[in-house]
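A.B. asks: Sharing a structure with you now.
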Amino acid sequence: MRVPAGAVILSLFGSALLGCRGVAAALGPGPEGAVQADALVSALAARFGPIAREPAFDALRPKLARSALVPSRVFDDPAVWPRRQGDERGVEFEGRLAGGVYRLGLRASAAAPREAGDYRGLLGLRRTAPGRFAWSVVEELAVGPARPEDLSAALTALFRAAEATTAAEAQAQAREDFPRSVAAFSRLVAVEELDLRRDADGATAVRLALRLRPDGIRAEAPRYASFLEKYGTPIRARARAEDVSGRAWWLVEVADNRWTLRLRVRGGSLVPLEGPATDRLPGELRVSVDYATRMGPFRIGLRGLVARVGLIRTPGEKALIAHFLEEPDWQLPFLVEPLMRGPLRHPFEGDGSALSYALEGQTSGPTLLVRRYRLAIRENWLVRWLGGQTNTAVSEFRGGAESEADRFSRLCLLALRDDLVELLTRFPTPAGPRPPSPPKPVGLALLTLFPHRR
């Protein structure tokens, strides 16, 4: 599982601003907390290298990149698919840390992750009709002994920290408790605004604005900096989460490399952005996304991409499941959209497309970070053109920026790990009895939505 480097940097840096000792302590009492923090962040860092790819894996990557929107290119390629039966194709991936290097390869049947940092990926492709296909992906990354409820408690502690401090105090505490992390992240990310404002309802409105500064890493990662400038700077995006009554629960806006998050908390929980702060987050949200960017000379984007997002919040599993069932309003070059009506509508027909992220606690073994997605494709020549534009960006990234991005992300994550371990060693939480996670059907709800045929 490769979390995009920019997302890693932004999310962890934003957490470190308010996290301080309360968030770190939520990972576990006594020495257990330092062990769990070490395993968790080290598992994420391991996926950023140094990486050794087996030849077959290295040969497969560009084929899959070129075929993401044109699956027919690889559907009948026997070098891609160890499993081929009728209209079903499948391949599995395995990754693990060995000898200080993260090794990635193809397997006929990949082993389940057992140690922190172990990875298993299952990629499936099904032909549903002539010129129509469906991708399915399941990825699992072992993140060590930290349980889903521990990480949920850390998020609650983060929200409580926002309620109990001022912006200036939070940033000063972050510099004291996370000196390595702040120094590492700040080379790419600048905090332009942190506003913690109490209101008459006893809630705290949080506004956090971060700006990506590619010039800050140009000396050490020139190709990654140039890639961010070329492909990150043109992005304009807005995502708004609402409940069934239309009340907003959070808002994210992106423009000119500035990422702004708005949310509101009370008692360690999210509450609506406006109005009474008595309600708690419902089990289902509607997230609406607007997105625009530039590909070559063309400005492309969409408005009103709607995801119906369900939340799973059991002690042994924390997950969000997004279903995309409504076609957005596309913004494409002149005359392109009318010629693509069928292919553009296809991903939202029937069961639609879906994406999920989950933390799954196991009855034995490590907690898993799991990503699943399903995407339906209907090919035509314009979809092939769009796929070519996407492949150009992927090729540019892998042509040099990828290794620099991985190295920078790994350094940031290791800085965060070292700060967490030192903090929990100096200020351990008193140990006490903690009940084990109850048994659960591992990912049952998700597996019914994202079947993977072996």
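Here's how to read the names in the structure tokens: chain A, B, ... by the order shown, residue numbers from 1 in each chain, ligand numbers from 1 in the order shown.
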Where in range 55-123 of chain A does DSSP assign strand (DSSP E or B), given as a list in words?

C.D. replies: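 Of range 55-123 of chain A, the ones in strand (DSSP E or B) are Arg83, Arg84, Gln85, Glu88, Arg89, Gly90, Val91, Glu92, Phe93, Glu94, Gly95, Arg96, Leu97, Ala98, Val101, Tyr102, Arg103, Leu104, Gly105, Leu106, Arg107, Tyr119, Arg120, Gly121, Leu122 and Leu123 of chain A.
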
A.B. asks: Keeping only N, CA and C atoms, take the residues you just selected and write them out as a PDB file, in the first residue's frame.

C.D. replies:
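Once everything was written out, this is part09.pdb:
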ATOM      1  N   ARG A  83      -3.191 -15.937 -12.640  1.00  0.00           N
ATOM      2  CA  ARG A  83      -4.508 -16.599 -12.592  1.00  0.00           C
ATOM      3  C   ARG A  83      -5.351 -16.097 -13.758  1.00  0.00           C
ATOM      4  N   ARG A  84      -5.775 -17.014 -14.604  1.00  0.00           N
ATOM      5  CA  ARG A  84      -6.598 -16.676 -15.761  1.00  0.00           C
ATOM      6  C   ARG A  84      -7.667 -17.753 -15.894  1.00  0.00           C
ATOM      7  N   GLN A  85      -8.911 -17.345 -15.729  1.00  0.00           N
ATOM      8  CA  GLN A  85     -10.017 -18.293 -15.851  1.00  0.00           C
ATOM      9  C   GLN A  85     -11.231 -17.577 -16.417  1.00  0.00           C
ATOM     10  N   GLU A  88     -12.048 -13.820 -15.887  1.00  0.00           N
ATOM     11  CA  GLU A  88     -11.424 -13.362 -14.649  1.00  0.00           C
ATOM     12  C   GLU A  88      -9.904 -13.414 -14.771  1.00  0.00           C
ATOM     13  N   ARG A  89      -9.244 -12.376 -14.248  1.00  0.00           N
ATOM     14  CA  ARG A  89      -7.789 -12.329 -14.200  1.00  0.00           C
ATOM     15  C   ARG A  89      -7.371 -11.919 -12.784  1.00  0.00           C
ATOM     16  N   GLY A  90      -6.205 -12.397 -12.337  1.00  0.00           N
ATOM     17  CA  GLY A  90      -5.759 -12.045 -11.003  1.00  0.00           C
ATOM     18  C   GLY A  90      -4.254 -12.146 -10.838  1.00  0.00           C
ATOM     19  N   VAL A  91      -3.700 -11.291  -9.995  1.00  0.00           N
ATOM     20  CA  VAL A  91      -2.282 -11.324  -9.652  1.00  0.00           C
ATOM     21  C   VAL A  91      -2.163 -10.834  -8.206  1.00  0.00           C
ATOM     22  N   GLU A  92      -1.163 -11.368  -7.484  1.00  0.00           N
ATOM     23  CA  GLU A  92      -0.966 -10.994  -6.087  1.00  0.00           C
ATOM     24  C   GLU A  92       0.450 -10.459  -5.884  1.00  0.00           C
ATOM     25  N   PHE A  93       0.563  -9.551  -4.919  1.00  0.00           N
ATOM     26  CA  PHE A  93       1.838  -8.907  -4.611  1.00  0.00           C
ATOM     27  C   PHE A  93       2.188  -9.156  -3.150  1.00  0.00           C
ATOM     28  N   GLU A  94       3.469  -9.156  -2.874  1.00  0.00           N
ATOM     29  CA  GLU A  94       3.917  -9.347  -1.503  1.00  0.00           C
ATOM     30  C   GLU A  94       5.095  -8.424  -1.236  1.00  0.00           C
ATOM     31  N   GLY A  95       5.107  -7.819  -0.057  1.00  0.00           N
ATOM     32  CA  GLY A  95       6.209  -6.953   0.329  1.00  0.00           C
ATOM     33  C   GLY A  95       6.565  -7.165   1.783  1.00  0.00           C
ATOM     34  N   ARG A  96       7.862  -7.105   2.081  1.00  0.00           N
ATOM     35  CA  ARG A  96       8.297  -7.220   3.466  1.00  0.00           C
ATOM     36  C   ARG A  96       9.700  -6.669   3.604  1.00  0.00           C
ATOM     37  N   LEU A  97      10.028  -6.248   4.822  1.00  0.00           N
ATOM     38  CA  LEU A  97      11.347  -5.702   5.118  1.00  0.00           C
ATOM     39  C   LEU A  97      12.316  -6.843   5.388  1.00  0.00           C
ATOM     40  N   ALA A  98      13.452  -6.841   4.689  1.00  0.00           N
ATOM     41  CA  ALA A  98      14.464  -7.889   4.872  1.00  0.00           C
ATOM     42  C   ALA A  98      15.832  -7.278   4.632  1.00  0.00           C
ATOM     43  N   VAL A 101      16.086  -3.572   3.613  1.00  0.00           N
ATOM     44  CA  VAL A 101      15.523  -3.203   2.315  1.00  0.00           C
ATOM     45  C   VAL A 101      14.096  -3.736   2.228  1.00  0.00           C
ATOM     46  N   TYR A 102      13.201  -2.936   1.649  1.00  0.00           N
ATOM     47  CA  TYR A 102      11.829  -3.392   1.465  1.00  0.00           C
ATOM     48  C   TYR A 102      11.705  -4.075   0.105  1.00  0.00           C
ATOM     49  N   ARG A 103      11.401  -5.375   0.118  1.00  0.00           N
ATOM     50  CA  ARG A 103      11.385  -6.185  -1.099  1.00  0.00           C
ATOM     51  C   ARG A 103       9.956  -6.416  -1.556  1.00  0.00           C
ATOM     52  N   LEU A 104       9.711  -6.123  -2.835  1.00  0.00           N
ATOM     53  CA  LEU A 104       8.395  -6.266  -3.438  1.00  0.00           C
ATOM     54  C   LEU A 104       8.458  -7.227  -4.613  1.00  0.00           C
ATOM     55  N   GLY A 105       7.488  -8.142  -4.669  1.00  0.00           N
ATOM     56  CA  GLY A 105       7.478  -9.088  -5.769  1.00  0.00           C
ATOM     57  C   GLY A 105       6.093  -9.643  -6.031  1.00  0.00           C
ATOM     58  N   LEU A 106       5.972 -10.401  -7.116  1.00  0.00           N
ATOM     59  CA  LEU A 106       4.723 -11.066  -7.487  1.00  0.00           C
ATOM     60  C   LEU A 106       4.707 -12.464  -6.884  1.00  0.00           C
ATOM     61  N   ARG A 107       3.504 -12.933  -6.536  1.00  0.00           N
ATOM     62  CA  ARG A 107       3.343 -14.260  -5.981  1.00  0.00           C
ATOM     63  C   ARG A 107       2.100 -14.918  -6.559  1.00  0.00           C
ATOM     64  N   TYR A 119       3.190  -6.576   3.650  1.00  0.00           N
ATOM     65  CA  TYR A 119       2.165  -6.080   2.717  1.00  0.00           C
ATOM     66  C   TYR A 119       1.690  -7.207   1.821  1.00  0.00           C
ATOM     67  N   ARG A 120       0.384  -7.204   1.536  1.00  0.00           N
ATOM     68  CA  ARG A 120      -0.166  -8.114   0.536  1.00  0.00           C
ATOM     69  C   ARG A 120      -1.161  -7.340  -0.324  1.00  0.00           C
ATOM     70  N   GLY A 121      -1.042  -7.493  -1.639  1.00  0.00           N
ATOM     71  CA  GLY A 121      -1.965  -6.864  -2.561  1.00  0.00           C
ATOM     72  C   GLY A 121      -2.581  -7.890  -3.483  1.00  0.00           C
ATOM     73  N   LEU A 122      -3.886  -7.747  -3.756  1.00  0.00           N
ATOM     74  CA  LEU A 122      -4.600  -8.648  -4.644  1.00  0.00           C
ATOM     75  C   LEU A 122      -5.301  -7.799  -5.696  1.00  0.00           C
ATOM     76  N   LEU A 123      -4.887  -7.960  -6.942  1.00  0.00           N
ATOM     77  CA  LEU A 123      -5.442  -7.185  -8.050  1.00  0.00           C
ATOM     78  C   LEU A 123      -6.237  -8.099  -8.950  1.00  0.00           C
TER      79      LEU A 123
END

A.B. asks: Against range 40-56 of chain A, which residues of range 122-184 of chain A fall within 8 Å? For each one I want the closest pair of atoms and the distance in Å (one decimal), counting only C-alpha atoms, rows by chain and increasing residue number, as CSV.

C.D. replies:
residue,atom,partner,partner_atom,distance
A:Leu141,CA,A:Ala43,CA,7.9
A:Ala142,CA,A:Ala43,CA,7.1
A:Val143,CA,A:Leu40,CA,4.8
A:Gly144,CA,A:Leu40,CA,5.6
A:Pro145,CA,A:Leu40,CA,7.9
A:Ala146,CA,A:Leu40,CA,7.0

A.B. asks: Excluding Asp215 in chain A and residues on its chain fewer than 5 positions from it, collect all residues at most 9 Å away from it, counting only C-alpha atoms, and give them as a list in words.

C.D. replies: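 Answer for this query is Arg187, Leu188, Pro222, Ala225, Ser226 and Glu229 of chain A.
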
A.B. asks: Restricting the calculation to only C-alpha atoms, which member of A:Ala354, A:Ala112, A:Val80, A:Ala184 is positioned closest to Arg61 in chain A?

C.D. replies: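 Of A:Ala354, A:Ala112, A:Val80, A:Ala184, the one nearest Arg61 in chain A is A:Val80, counting only C-alpha atoms.
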
A.B. asks: Show which residues sit within 10 Å of Glu404 in chain A, as a list in words. Count only C-alpha atoms, and ignore same-chain residues fewer than 5 positions away.

C.D. replies: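 The residues that qualify are Phe48, Ile217, Glu220, Ala221, Pro222, Arg223, Tyr224, Ala225, Phe397, Arg398, Ser409 and Arg410 of chain A.
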
A.B. asks: If you keep N, CA and C atoms, can you produce a file of those selected residues as a PDB file, in the first residue's frame?

C.D. replies:
ATOM      1  N   PHE A  48       8.189   3.151   2.176  1.00  0.00           N
ATOM      2  CA  PHE A  48       8.841   4.172   1.359  1.00  0.00           C
ATOM      3  C   PHE A  48      10.317   3.860   1.136  1.00  0.00           C
ATOM      4  N   ILE A 217      12.235  21.947  -0.624  1.00  0.00           N
ATOM      5  CA  ILE A 217      12.943  20.665  -0.755  1.00  0.00           C
ATOM      6  C   ILE A 217      13.713  20.570  -2.071  1.00  0.00           C
ATOM      7  N   GLU A 220      17.352  19.109  -2.001  1.00  0.00           N
ATOM      8  CA  GLU A 220      17.509  17.680  -1.719  1.00  0.00           C
ATOM      9  C   GLU A 220      16.667  16.792  -2.630  1.00  0.00           C
ATOM     10  N   ALA A 221      15.577  17.343  -3.193  1.00  0.00           N
ATOM     11  CA  ALA A 221      14.683  16.539  -4.034  1.00  0.00           C
ATOM     12  C   ALA A 221      14.207  17.390  -5.214  1.00  0.00           C
ATOM     13  N   PRO A 222      15.098  17.737  -6.139  1.00  0.00           N
ATOM     14  CA  PRO A 222      14.732  18.665  -7.211  1.00  0.00           C
ATOM     15  C   PRO A 222      13.638  18.136  -8.139  1.00  0.00           C
ATOM     16  N   ARG A 223      13.685  16.841  -8.449  1.00  0.00           N
ATOM     17  CA  ARG A 223      12.679  16.292  -9.372  1.00  0.00           C
ATOM     18  C   ARG A 223      11.315  16.187  -8.704  1.00  0.00           C
ATOM     19  N   TYR A 224      11.294  15.846  -7.429  1.00  0.00           N
ATOM     20  CA  TYR A 224      10.025  15.794  -6.695  1.00  0.00           C
ATOM     21  C   TYR A 224       9.444  17.196  -6.563  1.00  0.00           C
ATOM     22  N   ALA A 225      10.280  18.187  -6.279  1.00  0.00           N
ATOM     23  CA  ALA A 225       9.812  19.566  -6.179  1.00  0.00           C
ATOM     24  C   ALA A 225       9.200  20.033  -7.499  1.00  0.00           C
ATOM     25  N   PHE A 397       6.474  10.873 -12.790  1.00  0.00           N
ATOM     26  CA  PHE A 397       6.738  10.665 -11.370  1.00  0.00           C
ATOM     27  C   PHE A 397       7.726   9.529 -11.168  1.00  0.00           C
ATOM     28  N   ARG A 398       7.507   8.433 -11.834  1.00  0.00           N
ATOM     29  CA  ARG A 398       8.384   7.278 -11.658  1.00  0.00           C
ATOM     30  C   ARG A 398       9.739   7.474 -12.325  1.00  0.00           C
ATOM     31  N   SER A 409       9.577  11.275   2.355  1.00  0.00           N
ATOM     32  CA  SER A 409       8.489  10.790   3.203  1.00  0.00           C
ATOM     33  C   SER A 409       9.017   9.869   4.295  1.00  0.00           C
ATOM     34  N   ARG A 410       9.966   9.021   3.931  1.00  0.00           N
ATOM     35  CA  ARG A 410      10.537   8.104   4.927  1.00  0.00           C
ATOM     36  C   ARG A 410      11.259   8.884   6.024  1.00  0.00           C
TER      37      ARG A 410
END

A.B. asks: Could you name the residues that touch range 307-311 of chain A at 10 Å or less, counting only C-alpha atoms, but leaving out those on the same chain fewer than 2 positions away, as an MDAnalysis selection string?

C.D. replies: chainID A and resid 241:243 281:289 304:305 313:314 318:326 353:356 358

A.B. asks: Please, could you write that set of residues out with N, CA and C atoms as a JSON list (two decimals), in the first residue's frame?

C.D. replies:
[["chain", "number", "residue", "atom", "x", "y", "z"],
["A", 241, "ALA", "N", -18.58, 17.37, 3.59],
["A", 241, "ALA", "CA", -19.31, 16.22, 4.14],
["A", 241, "ALA", "C", -20.57, 16.70, 4.82],
["A", 242, "GLU", "N", -21.71, 16.10, 4.45],
["A", 242, "GLU", "CA", -23.00, 16.49, 5.00],
["A", 242, "GLU", "C", -23.74, 15.26, 5.53],
["A", 243, "ASP", "N", -24.66, 15.50, 6.46],
["A", 243, "ASP", "CA", -25.56, 14.43, 6.88],
["A", 243, "ASP", "C", -26.84, 14.49, 6.05],
["A", 281, "LEU", "N", -21.44, 12.38, 15.28],
["A", 281, "LEU", "CA", -21.28, 11.99, 13.87],
["A", 281, "LEU", "C", -22.19, 10.81, 13.54],
["A", 282, "PRO", "N", -23.02, 10.94, 12.50],
["A", 282, "PRO", "CA", -23.91, 9.83, 12.14],
["A", 282, "PRO", "C", -23.14, 8.70, 11.46],
["A", 283, "GLY", "N", -23.84, 7.60, 11.22],
["A", 283, "GLY", "CA", -23.19, 6.44, 10.61],
["A", 283, "GLY", "C", -23.04, 6.54, 9.11],
["A", 284, "GLU", "N", -23.65, 7.54, 8.49],
["A", 284, "GLU", "CA", -23.52, 7.72, 7.04],
["A", 284, "GLU", "C", -23.47, 9.20, 6.72],
["A", 285, "LEU", "N", -22.59, 9.56, 5.79],
["A", 285, "LEU", "CA", -22.44, 10.93, 5.33],
["A", 285, "LEU", "C", -22.51, 10.96, 3.81],
["A", 286, "ARG", "N", -22.78, 12.14, 3.30],
["A", 286, "ARG", "CA", -22.75, 12.39, 1.87],
["A", 286, "ARG", "C", -21.62, 13.38, 1.62],
["A", 287, "VAL", "N", -20.61, 12.97, 0.88],
["A", 287, "VAL", "CA", -19.45, 13.82, 0.61],
["A", 287, "VAL", "C", -19.50, 14.25, -0.85],
["A", 288, "SER", "N", -19.52, 15.55, -1.08],
["A", 288, "SER", "CA", -19.56, 16.11, -2.43],
["A", 288, "SER", "C", -18.21, 16.74, -2.76],
["A", 289, "VAL", "N", -17.67, 16.41, -3.93],
["A", 289, "VAL", "CA", -16.33, 16.83, -4.31],
["A", 289, "VAL", "C", -16.37, 17.59, -5.63],
["A", 304, "GLY", "N", -19.54, 18.14, -8.32],
["A", 304, "GLY", "CA", -20.62, 17.33, -7.76],
["A", 304, "GLY", "C", -20.39, 15.84, -7.83],
["A", 305, "LEU", "N", -19.14, 15.40, -7.65],
["A", 305, "LEU", "CA", -18.89, 13.97, -7.49],
["A", 305, "LEU", "C", -19.33, 13.60, -6.08],
["A", 313, "ARG", "N", -17.73, 1.59, 13.16],
["A", 313, "ARG", "CA", -17.05, 2.01, 14.38],
["A", 313, "ARG", "C", -17.28, 0.98, 15.49],
["A", 314, "THR", "N", -16.67, -0.19, 15.32],
["A", 314, "THR", "CA", -16.70, -1.21, 16.36],
["A", 314, "THR", "C", -15.33, -1.22, 17.05],
["A", 318, "LYS", "N", -12.37, -0.03, 12.50],
["A", 318, "LYS", "CA", -12.74, 1.34, 12.16],
["A", 318, "LYS", "C", -12.60, 1.45, 10.65],
["A", 319, "ALA", "N", -13.67, 1.86, 9.99],
["A", 319, "ALA", "CA", -13.62, 1.86, 8.52],
["A", 319, "ALA", "C", -14.55, 2.91, 7.95],
["A", 320, "LEU", "N", -14.23, 3.37, 6.76],
["A", 320, "LEU", "CA", -15.15, 4.17, 5.97],
["A", 320, "LEU", "C", -15.27, 3.54, 4.60],
["A", 321, "ILE", "N", -16.49, 3.51, 4.08],
["A", 321, "ILE", "CA", -16.79, 2.88, 2.80],
["A", 321, "ILE", "C", -17.51, 3.90, 1.94],
["A", 322, "ALA", "N", -16.92, 4.27, 0.83],
["A", 322, "ALA", "CA", -17.49, 5.28, -0.05],
["A", 322, "ALA", "C", -18.02, 4.62, -1.32],
["A", 323, "HIS", "N", -19.30, 4.85, -1.61],
["A", 323, "HIS", "CA", -19.91, 4.39, -2.85],
["A", 323, "HIS", "C", -20.18, 5.59, -3.76],
["A", 324, "PHE", "N", -19.81, 5.44, -5.03],
["A", 324, "PHE", "CA", -20.00, 6.50, -6.01],
["A", 324, "PHE", "C", -21.07, 6.04, -6.99],
["A", 325, "LEU", "N", -22.27, 6.61, -6.86],
["A", 325, "LEU", "CA", -23.42, 6.15, -7.64],
["A", 325, "LEU", "C", -24.02, 7.24, -8.52],
["A", 326, "GLU", "N", -23.51, 8.48, -8.42],
["A", 326, "GLU", "CA", -24.07, 9.59, -9.18],
["A", 326, "GLU", "C", -23.01, 10.19, -10.09],
["A", 353, "SER", "N", -19.02, 2.50, -8.43],
["A", 353, "SER", "CA", -17.65, 2.27, -8.01],
["A", 353, "SER", "C", -17.56, 2.51, -6.51],
["A", 354, "ALA", "N", -16.50, 1.98, -5.89],
["A", 354, "ALA", "CA", -16.42, 2.06, -4.43],
["A", 354, "ALA", "C", -14.98, 2.11, -3.97],
["A", 355, "LEU", "N", -14.79, 2.68, -2.79],
["A", 355, "LEU", "CA", -13.47, 2.79, -2.18],
["A", 355, "LEU", "C", -13.64, 2.68, -0.68],
["A", 356, "SER", "N", -12.75, 1.95, -0.02],
["A", 356, "SER", "CA", -12.82, 1.87, 1.43],
["A", 356, "SER", "C", -11.43, 1.86, 2.03],
["A", 358, "ALA", "N", -9.81, 0.84, 5.99],
["A", 358, "ALA", "CA", -10.20, 0.24, 7.25],
["A", 358, "ALA", "C", -8.98, -0.09, 8.09]]

A.B. asks: Calculated over only C-alpha atoms, which of the candidates A:Val70, A:Ala405, A:Ala116, A:Val421 has the smallest distance to Trp135 in chain A?

C.D. replies: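 The closest residue to Trp135 in chain A is A:Val70.
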
A.B. asks: Do a neighbour search on Ala255 in chain A at 10 Å with only C-alpha atoms, toss out local chain neighbours closer than 3 positions, and write the hits as a PDB file with C-alpha atoms, in the first residue's frame.

C.D. replies:
ATOM      1  CA  ARG A 211       0.750  25.362   2.183  1.00  0.00           C
ATOM      2  CA  GLY A 232       0.103  19.921  -7.598  1.00  0.00           C
ATOM      3  CA  THR A 233      -0.081  23.667  -8.120  1.00  0.00           C
ATOM      4  CA  PRO A 234      -2.898  23.607 -10.755  1.00  0.00           C
ATOM      5  CA  ILE A 235      -5.210  21.577  -8.492  1.00  0.00           C
ATOM      6  CA  ARG A 236      -8.387  23.261  -7.287  1.00  0.00           C
ATOM      7  CA  ALA A 237     -10.603  21.095  -5.096  1.00  0.00           C
ATOM      8  CA  ARG A 238     -13.365  21.261  -2.520  1.00  0.00           C
ATOM      9  CA  ARG A 258      -2.884  25.763   0.075  1.00  0.00           C
ATOM     10  CA  TRP A 259      -4.855  23.030   1.875  1.00  0.00           C
ATOM     11  CA  THR A 260      -7.510  24.289   4.290  1.00  0.00           C
ATOM     12  CA  ALA A 292     -10.141  20.689 -11.399  1.00  0.00           C
TER      13      ALA A 292
END

A.B. asks: Taking 4 positions as the minimum chain separation for residues in the same chain, which residues sit within 8 Å of range 193-196 of chain A when counting only C-alpha atoms? Answer as a list in words.

C.D. replies: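 Contacts, in chain order: Ala162, Glu163, Thr166, Ala167, Thr204, Ala205, Val206, Arg207, Leu208, Ala209 and Leu210 of chain A.
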
A.B. asks: DSSP on the backbone, then: every residue of range 247-421 of chain A marked alpha helix (DSSP H), written as a PyMOL selection string.

C.D. replies: chain A and resi 336-339+341-345+381-396+402-421
